[in-house]
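Structure file target03.pdb (PDB, C-alpha atoms, pLDDT in the B column) is printed below.
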ATOM      1  CA  MET A  53     116.101 142.970  75.581  1.00 81.00           C
ATOM      2  CA  LEU A  54     118.305 145.929  76.263  1.00 90.00           C
ATOM      3  CA  ASP A  55     119.166 148.066  73.244  1.00 95.00           C
ATOM      4  CA  THR A  56     122.799 148.881  73.959  1.00 93.00           C
ATOM      5  CA  LEU A  57     123.245 150.579  70.574  1.00 94.00           C
ATOM      6  CA  LYS A  58     120.485 153.036  71.424  1.00 96.00           C
ATOM      7  CA  ILE A  59     122.034 153.635  74.842  1.00 95.00           C
ATOM      8  CA  TYR A  60     125.440 154.158  73.240  1.00 95.00           C
ATOM      9  CA  ASN A  61     124.043 156.671  70.722  1.00 96.00           C
ATOM     10  CA  GLU A  62     122.319 158.619  73.485  1.00 96.00           C
ATOM     11  CA  LEU A  63     125.386 158.600  75.719  1.00 96.00           C
ATOM     12  CA  LYS A  64     127.807 159.700  73.006  1.00 95.00           C
ATOM     13  CA  GLU A  65     125.809 162.909  72.603  1.00 95.00           C
ATOM     14  CA  LYS A  66     126.921 163.882  76.130  1.00 95.00           C
ATOM     15  CA  LEU A  67     130.128 161.862  76.580  1.00 95.00           C
ATOM     16  CA  GLU A  68     133.221 160.886  74.656  1.00 95.00           C
ATOM     17  CA  PRO A  69     132.481 157.922  72.334  1.00 95.00           C
ATOM     18  CA  ALA A  70     134.903 155.621  74.213  1.00 97.00           C
ATOM     19  CA  ALA A  71     133.217 156.405  77.547  1.00 96.00           C
ATOM     20  CA  ALA A  72     129.760 156.002  76.009  1.00 95.00           C
ATOM     21  CA  LEU A  73     130.763 152.634  74.554  1.00 96.00           C
ATOM     22  CA  THR A  74     132.155 151.422  77.877  1.00 96.00           C
ATOM     23  CA  ILE A  75     129.020 152.439  79.746  1.00 97.00           C
ATOM     24  CA  ALA A  76     126.714 150.874  77.140  1.00 96.00           C
ATOM     25  CA  GLU A  77     128.691 147.614  77.215  1.00 96.00           C
ATOM     26  CA  LEU A  78     128.638 147.545  81.024  1.00 96.00           C
ATOM     27  CA  MET A  79     124.899 148.125  81.028  1.00 96.00           C
ATOM     28  CA  GLY A  80     124.490 145.237  78.566  1.00 94.00           C
ATOM     29  CA  THR A  81     126.573 142.964  80.787  1.00 94.00           C
ATOM     30  CA  ILE A  82     124.648 143.934  83.904  1.00 95.00           C
ATOM     31  CA  TYR A  83     121.348 143.389  82.101  1.00 94.00           C
ATOM     32  CA  SER A  84     122.437 139.922  80.951  1.00 91.00           C
ATOM     33  CA  GLU A  85     123.547 138.955  84.445  1.00 91.00           C
ATOM     34  CA  LEU A  86     120.329 140.211  86.004  1.00 90.00           C
ATOM     35  CA  ALA A  87     118.280 138.290  83.443  1.00 87.00           C
ATOM     36  CA  ASN A  88     119.958 135.080  84.668  1.00 85.00           C
ATOM     37  CA  THR A  89     119.381 135.643  88.382  1.00 89.00           C
ATOM     38  CA  VAL A  90     116.753 133.953  90.501  1.00 87.00           C
ATOM     39  CA  THR A  91     113.890 136.223  91.489  1.00 89.00           C
ATOM     40  CA  LYS A  92     112.159 136.189  94.864  1.00 91.00           C
ATOM     41  CA  THR A  93     109.152 134.603  93.183  1.00 93.00           C
ATOM     42  CA  ASP A  94     111.326 131.879  91.624  1.00 93.00           C
ATOM     43  CA  PHE A  95     112.947 131.215  94.992  1.00 93.00           C
ATOM     44  CA  ARG A  96     109.583 131.111  96.786  1.00 95.00           C
ATOM     45  CA  GLU A  97     108.240 128.613  94.241  1.00 96.00           C
ATOM     46  CA  LEU A  98     111.358 126.503  94.595  1.00 96.00           C
ATOM     47  CA  ARG A  99     111.035 126.551  98.382  1.00 96.00           C
ATOM     48  CA  GLU A 100     107.398 125.392  98.100  1.00 97.00           C
ATOM     49  CA  ILE A 101     108.394 122.562  95.765  1.00 98.00           C
ATOM     50  CA  VAL A 102     111.156 121.459  98.122  1.00 98.00           C
ATOM     51  CA  GLN A 103     108.644 121.477 101.003  1.00 98.00           C
ATOM     52  CA  GLU A 104     106.233 119.329  98.975  1.00 98.00           C
ATOM     53  CA  LEU A 105     109.027 116.912  98.096  1.00 98.00           C
ATOM     54  CA  SER A 106     110.059 116.732 101.745  1.00 98.00           C
ATOM     55  CA  GLU A 107     106.511 115.850 102.786  1.00 98.00           C
ATOM     56  CA  ALA A 108     106.271 113.239 100.025  1.00 98.00           C
ATOM     57  CA  GLN A 109     109.589 111.757 101.180  1.00 98.00           C
ATOM     58  CA  LYS A 110     108.266 111.480 104.746  1.00 98.00           C
ATOM     59  CA  ARG A 111     105.132 109.698 103.499  1.00 98.00           C
ATOM     60  CA  THR A 112     107.290 107.362 101.410  1.00 98.00           C
ATOM     61  CA  GLU A 113     109.468 106.550 104.404  1.00 98.00           C
ATOM     62  CA  THR A 114     106.378 105.833 106.513  1.00 97.00           C
ATOM     63  CA  LYS A 115     104.940 103.522 103.856  1.00 98.00           C
ATOM     64  CA  LEU A 116     108.314 101.813 103.452  1.00 97.00           C
ATOM     65  CA  GLY A 117     108.399 101.183 107.197  1.00 97.00           C
ATOM     66  CA  GLU A 118     104.897  99.706 107.024  1.00 97.00           C
ATOM     67  CA  LEU A 119     105.883  97.505 104.095  1.00 97.00           C
ATOM     68  CA  THR A 120     109.021  96.354 105.894  1.00 97.00           C
ATOM     69  CA  GLU A 121     106.961  95.399 108.921  1.00 97.00           C
ATOM     70  CA  ALA A 122     104.394  93.578 106.764  1.00 97.00           C
ATOM     71  CA  GLN A 123     107.224  91.731 104.995  1.00 97.00           C
ATOM     72  CA  GLN A 124     108.610  90.607 108.351  1.00 97.00           C
ATOM     73  CA  HIS A 125     105.186  89.296 109.375  1.00 96.00           C
ATOM     74  CA  THR A 126     104.886  87.484 106.047  1.00 97.00           C
ATOM     75  CA  GLU A 127     108.299  85.881 106.518  1.00 96.00           C
ATOM     76  CA  GLU A 128     107.360  84.802 110.052  1.00 96.00           C
ATOM     77  CA  ARG A 129     104.111  83.224 108.823  1.00 96.00           C
ATOM     78  CA  LEU A 130     105.936  81.527 105.957  1.00 96.00           C
ATOM     79  CA  GLU A 131     108.446  80.117 108.408  1.00 95.00           C
ATOM     80  CA  LYS A 132     105.619  78.809 110.607  1.00 94.00           C
ATOM     81  CA  LEU A 133     103.899  77.255 107.591  1.00 94.00           C
ATOM     82  CA  THR A 134     107.166  75.635 106.537  1.00 94.00           C
ATOM     83  CA  GLU A 135     107.620  74.205 110.042  1.00 91.00           C
ATOM     84  CA  ALA A 136     104.026  72.950 110.081  1.00 90.00           C
ATOM     85  CA  GLN A 137     104.441  71.345 106.684  1.00 91.00           C
ATOM     86  CA  ASN A 138     107.675  69.656 107.785  1.00 90.00           C
ATOM     87  CA  ARG A 139     105.861  68.232 110.847  1.00 88.00           C
ATOM     88  CA  THR A 140     103.049  66.809 108.706  1.00 87.00           C
ATOM     89  CA  GLU A 141     105.371  65.073 106.295  1.00 79.00           C
TER
END

Let me see the structure of the file written as structure tokens.
Amino acid sequence: MLDTLKIYNELKEKLEPAAALTIAELMGTIYSELANTVTKTDFRELREIVQELSEAQKRTETKLGELTEAQQHTEERLEKLTEAQNRTE
């Protein structure tokens, strides 16, 4: 945490109090904004997570395609069984 009061007290020894206050407040604002920014490390980690999710999505799509194909084969076999049952009745 940035101690803006300490900064203000140090600045007012060399500057007018109004100028020292303005500078200390600006430094506090800048510090707060920087504390809320994404770091390179954060961004790198996020990029890695997105890559992992992308790979998982591709695997899911592949499996879904396989399941869709298996479902079609099951429906075809069921249709053939239904036809065979209708012929035997």

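Here atom CA of A:Leu78 is placed at a distance of 24.3 Å from atom CA of A:Lys92.
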
Compile the contact shell of A:Ala76 as a ChimeraX atom specification: residues with an atom at most 9 Å away, counting all atoms listed in the file, same-chain residues fewer than 5 positions apart removed. /A:55-60,63,71,81

Rounded to one decimal place, report the atom CA of A:Ile75-atom CA of A:Leu54 distance in Å.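 Going from atom CA of A:Ile75 over to atom CA of A:Leu54 covers 13.0 Å.
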
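Minimum atom-to-atom distance to A:Ile82, evaluated using all atoms listed in the file, belongs to A:Met53 out of A:Asn61, A:Ala122, A:Lys66, A:Met53.
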
Could you please determine the separation between atom CA of A:Arg111 and atom CA of A:Arg99 in Å, to one decimal place?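 These two atoms are separated by 18.6 Å.
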